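To keep things clear, I will list the structure first and then write my remarks on it.
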Amino acid sequence: MKNPENNPISTEIKEDGSFNRQTNRFITPFGNKEGDLPVEKGRYRLLWSAVCPWAHRSVIVRKVLGLEDVISLGTASPMRPKLPHVDWEFSLDDGNLDPILKIRYMSEIYLKTDPTYQGRPTVPVIVDIKEKKVVNNDYFKLTNYLENDWKPYHKDNAPELYPESLRQEISNLNDVIFNEVNNGVYKCGFAQSQEAYEEAYDVLFTRLDKLEEHLGERRFLFGDFITDSDVRLYATLIRFDVAYYSAFKTNRNRIVDFHHLWGYLRDLYQTPGFGDTTDFHAIKVHYHLSNHIGSNDHKGENILPKGPDLSGLLSDHGRQALSKHKSKFLII
Ligand SMILES: N[C@@H](CCC(=O)N[C@@H](CS)C(=O)NCC(=O)O)C(=O)O
């Protein structure tokens with residue numbers, strides 16, 4: 001893996017100190033067209049770590065749509081070893097091996113697939129179990145594949161997270177959420193100049209203020225039903241107070257300090273597929289103790305923050321009342 005100066009993201013930092021995320025290497029889509037990845041029950045394994053917001057959203061969608069028996073799940077530990085490059089390890093499994101793929105480190109499967117692979121070995125990634133090869137790590141589109149191309153395997157009465165009639169609006173909003181919120185927190189955390197950090201911070205909180213207003217009138221982003229955009233926003237909001245607020249210096253205020261965003265987050269957290277796939281311990285361990293890209297050297301420190309108090313996530317949110325009131329979508 002490329003690792004100049006022993007900094008795994010050095011190739012993703014621009015001259016002005018801003019973070020410019022690497023592109024995905026394995027992007028073949030799922031589908032029925034020639035060259036597409038065939039949609040087959042039992043053929044693939046989704047590798048994730050509960051810490052990762054990009055992977056978490058695929059795991060939420062997999063559960064919400066009832067694809068758990070269709071695509072299996074391998075879970076890497078939140079504690080990342082440095083070998084000397086930072087890797088993901090299957091140390092939660094017996095013998096430190098993923099039980100199906102029999103690999104210990106994520107880099108093994110990337111390098112087996114492409115011995116010249118130079119990027120970071122990231123999650124989420126879909127592996128073809130038969131071929132033991134990475135087939136897709138397109139974290140941006142993965143949920144859309146599960147929602148659209150994997151439809152034949154959805155459970156009965158599965159929700160429409162990516163309805164045809166709203167697809168363009170959902171995609172437009174997803175771009176904004178990605179640039180300003182999902183990746184926005186990373187742009188704050190990984191910035192290597194004061195200016196780049198402050199610019200990303202301002203963009204992030206300006207967007208959160210707009211979302212706060214928007215969600216004051218709607219239960220979810222598009223009205224009274226959950227869509228792919230809500231899944232994407234949730235994955236960042238649920239990590240915000242626990243990790244980003246301190247680890248990435250996104251500290252103008254916490255999500256609990258926003259009235260509507262906090263209610264919205266509680267609402268989603270209490271929805272099957274969301275809270276039950278959220279592992280705060282893993283998130284804290286990763287962002288505060290482990291090696292994660294962009295992190296400072298922790299100098300052997302091993303004290304996990306005790307807070308914040310998350311018990312409020314289970315409190316009544318009262319947002320059902322907003323479902324009656326649907327107004328025109330106007331956020332971008
Ligand atoms: N594949 C994307 C996004 C996925 C991603 O960054 N996942 C993180 C975890 S949240 C990861 O696996 N990082 C491993 C590493 O950087 O070594 C990317 O390469 O930027």
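Residue numbering restarts at 1 for every chain of the structure tokens, chains are lettered A, B, ... in their displayed order, and ligands are numbered from 1 as they appear.
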*Can you pull out every residue within 9 Å of Lys249 in chain A, counting only C-alpha atoms, but drop anything in the same chain fewer than 2 positions away, and send it as a list of chain:residue names?*
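Returned residues: A:Val185, A:Cys188, A:Gly189, A:Tyr197, A:Tyr201, A:Tyr244, A:Tyr245, A:Ser246, A:Ala247, A:Asn251, A:Arg252.
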File of the preceding selection, N, CA, C and O atoms, as a short mmCIF file (atom, residue, chain, number, x, y, z; two decimals), in the first residue's frame:
data_model
loop_
_atom_site.label_atom_id
_atom_site.label_comp_id
_atom_site.auth_asym_id
_atom_site.auth_seq_id
_atom_site.Cartn_x
_atom_site.Cartn_y
_atom_site.Cartn_z
N VAL A 185 -17.30 16.31 7.82
CA VAL A 185 -16.65 16.13 9.12
C VAL A 185 -15.20 15.66 8.92
O VAL A 185 -14.31 16.07 9.66
N CYS A 188 -12.97 18.51 8.07
CA CYS A 188 -12.55 19.22 9.29
C CYS A 188 -11.43 18.44 9.98
O CYS A 188 -10.38 18.98 10.31
N GLY A 189 -11.66 17.15 10.17
CA GLY A 189 -10.73 16.34 10.96
C GLY A 189 -9.39 16.11 10.29
O GLY A 189 -8.38 15.99 10.97
N TYR A 197 -9.45 23.84 7.54
CA TYR A 197 -10.31 23.36 8.63
C TYR A 197 -11.49 24.31 8.83
O TYR A 197 -12.65 23.89 8.89
N TYR A 201 -15.47 23.60 8.42
CA TYR A 201 -16.30 23.76 9.62
C TYR A 201 -17.49 24.67 9.31
O TYR A 201 -18.63 24.36 9.66
N TYR A 244 -16.95 12.88 16.36
CA TYR A 244 -16.45 13.99 15.54
C TYR A 244 -16.30 15.29 16.34
O TYR A 244 -15.39 16.07 16.09
N TYR A 245 -17.24 15.52 17.26
CA TYR A 245 -17.23 16.77 18.03
C TYR A 245 -15.85 17.02 18.65
O TYR A 245 -15.33 18.13 18.60
N SER A 246 -15.27 15.97 19.20
CA SER A 246 -13.95 16.15 19.80
C SER A 246 -12.83 15.70 18.86
O SER A 246 -11.90 16.44 18.59
N ALA A 247 -12.94 14.48 18.30
CA ALA A 247 -11.81 13.94 17.51
C ALA A 247 -11.57 14.74 16.23
O ALA A 247 -10.43 14.85 15.78
N ASN A 251 -16.83 21.36 16.66
CA ASN A 251 -17.34 21.63 18.01
C ASN A 251 -18.05 22.97 18.18
O ASN A 251 -17.98 23.56 19.26
N ARG A 252 -18.75 23.43 17.12
CA ARG A 252 -19.57 24.63 17.37
C ARG A 252 -20.68 24.26 18.34
O ARG A 252 -20.96 24.98 19.28
#
Give me the residues of chain A that have any atom at most 7 Å from an atom of ligand 1; for each, the nearest atom pair and the distance in Å, rounded to one decimal. Use only C-alpha atoms and all ligand atoms, sort by chain and number, and format it as JSON lines.
{"residue": "A:Pro8", "atom": "CA", "partner": "ligand 1", "partner_atom_place_in_ligand_line": "16 (O)", "distance": 6.8}
{"residue": "A:Arg21", "atom": "CA", "partner": "ligand 1", "partner_atom_place_in_ligand_line": "20 (O)", "distance": 5.1}
{"residue": "A:Gln22", "atom": "CA", "partner": "ligand 1", "partner_atom_place_in_ligand_line": "20 (O)", "distance": 5.1}
{"residue": "A:Thr23", "atom": "CA", "partner": "ligand 1", "partner_atom_place_in_ligand_line": "19 (O)", "distance": 6.0}
{"residue": "A:Asn24", "atom": "CA", "partner": "ligand 1", "partner_atom_place_in_ligand_line": "1 (N)", "distance": 5.4}
{"residue": "A:Val51", "atom": "CA", "partner": "ligand 1", "partner_atom_place_in_ligand_line": "10 (S)", "distance": 6.7}
{"residue": "A:Cys52", "atom": "CA", "partner": "ligand 1", "partner_atom_place_in_ligand_line": "10 (S)", "distance": 3.7}
{"residue": "A:Pro53", "atom": "CA", "partner": "ligand 1", "partner_atom_place_in_ligand_line": "10 (S)", "distance": 5.6}
{"residue": "A:Trp54", "atom": "CA", "partner": "ligand 1", "partner_atom_place_in_ligand_line": "4 (C)", "distance": 5.6}
{"residue": "A:Ala55", "atom": "CA", "partner": "ligand 1", "partner_atom_place_in_ligand_line": "10 (S)", "distance": 6.9}
{"residue": "A:Val86", "atom": "CA", "partner": "ligand 1", "partner_atom_place_in_ligand_line": "17 (O)", "distance": 5.6}
{"residue": "A:Asp87", "atom": "CA", "partner": "ligand 1", "partner_atom_place_in_ligand_line": "17 (O)", "distance": 5.7}
{"residue": "A:Arg120", "atom": "CA", "partner": "ligand 1", "partner_atom_place_in_ligand_line": "17 (O)", "distance": 4.7}
{"residue": "A:Pro121", "atom": "CA", "partner": "ligand 1", "partner_atom_place_in_ligand_line": "14 (C)", "distance": 5.5}
{"residue": "A:Thr122", "atom": "CA", "partner": "ligand 1", "partner_atom_place_in_ligand_line": "12 (O)", "distance": 3.0}
{"residue": "A:Val123", "atom": "CA", "partner": "ligand 1", "partner_atom_place_in_ligand_line": "12 (O)", "distance": 4.0}
{"residue": "A:Pro124", "atom": "CA", "partner": "ligand 1", "partner_atom_place_in_ligand_line": "4 (C)", "distance": 6.3}
{"residue": "A:Asn137", "atom": "CA", "partner": "ligand 1", "partner_atom_place_in_ligand_line": "1 (N)", "distance": 6.0}
{"residue": "A:Asp138", "atom": "CA", "partner": "ligand 1", "partner_atom_place_in_ligand_line": "1 (N)", "distance": 6.4}
{"residue": "A:Tyr139", "atom": "CA", "partner": "ligand 1", "partner_atom_place_in_ligand_line": "1 (N)", "distance": 5.8}
{"residue": "A:His292", "atom": "CA", "partner": "ligand 1", "partner_atom_place_in_ligand_line": "16 (O)", "distance": 6.9}
{"residue": "A:Ile293", "atom": "CA", "partner": "ligand 1", "partner_atom_place_in_ligand_line": "16 (O)", "distance": 5.2}
_Surrounding residues of Phe240 in chain A excluding itself and chain neighbours under 3 positions, 12 Å, only C-alpha atoms, as a ChimeraX atom specification_ = /A:53,181-182,184-186,189,204,208,233-237,243-257,261-262,265,280,283-284,287,308,310
*Distance query Pro81 in chain A at most 12 Å, only C-alpha atoms, self and fewer than 3 positions along chain excluded, as a ChimeraX atom specification*: /A:76-78,84-91,104-107,286,289-293
*Distance criterion (only C-alpha atoms): nearest to Thr271 in chain A out of A:Val64, A:Leu304, A:Leu215, A:Val59*: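 Comparing A:Val64, A:Leu304, A:Leu215, A:Val59 against Thr271 in chain A, the winner is A:Val64.
Compared by their closest atoms to Ile103 in chain A, and using only C-alpha atoms, the residues A:Thr116, A:Ser18, A:Asn183, A:Thr75 rank with A:Thr75 nearest.
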*Go through range 54-209 of chain A and collect every residue that DSSP, computed from the backbone, puts in helix (DSSP H, G or I); the answer should be as a ChimeraX atom specification.*
/A:54-64,94-96,106-113,142-148,151-153,164-190,194-209
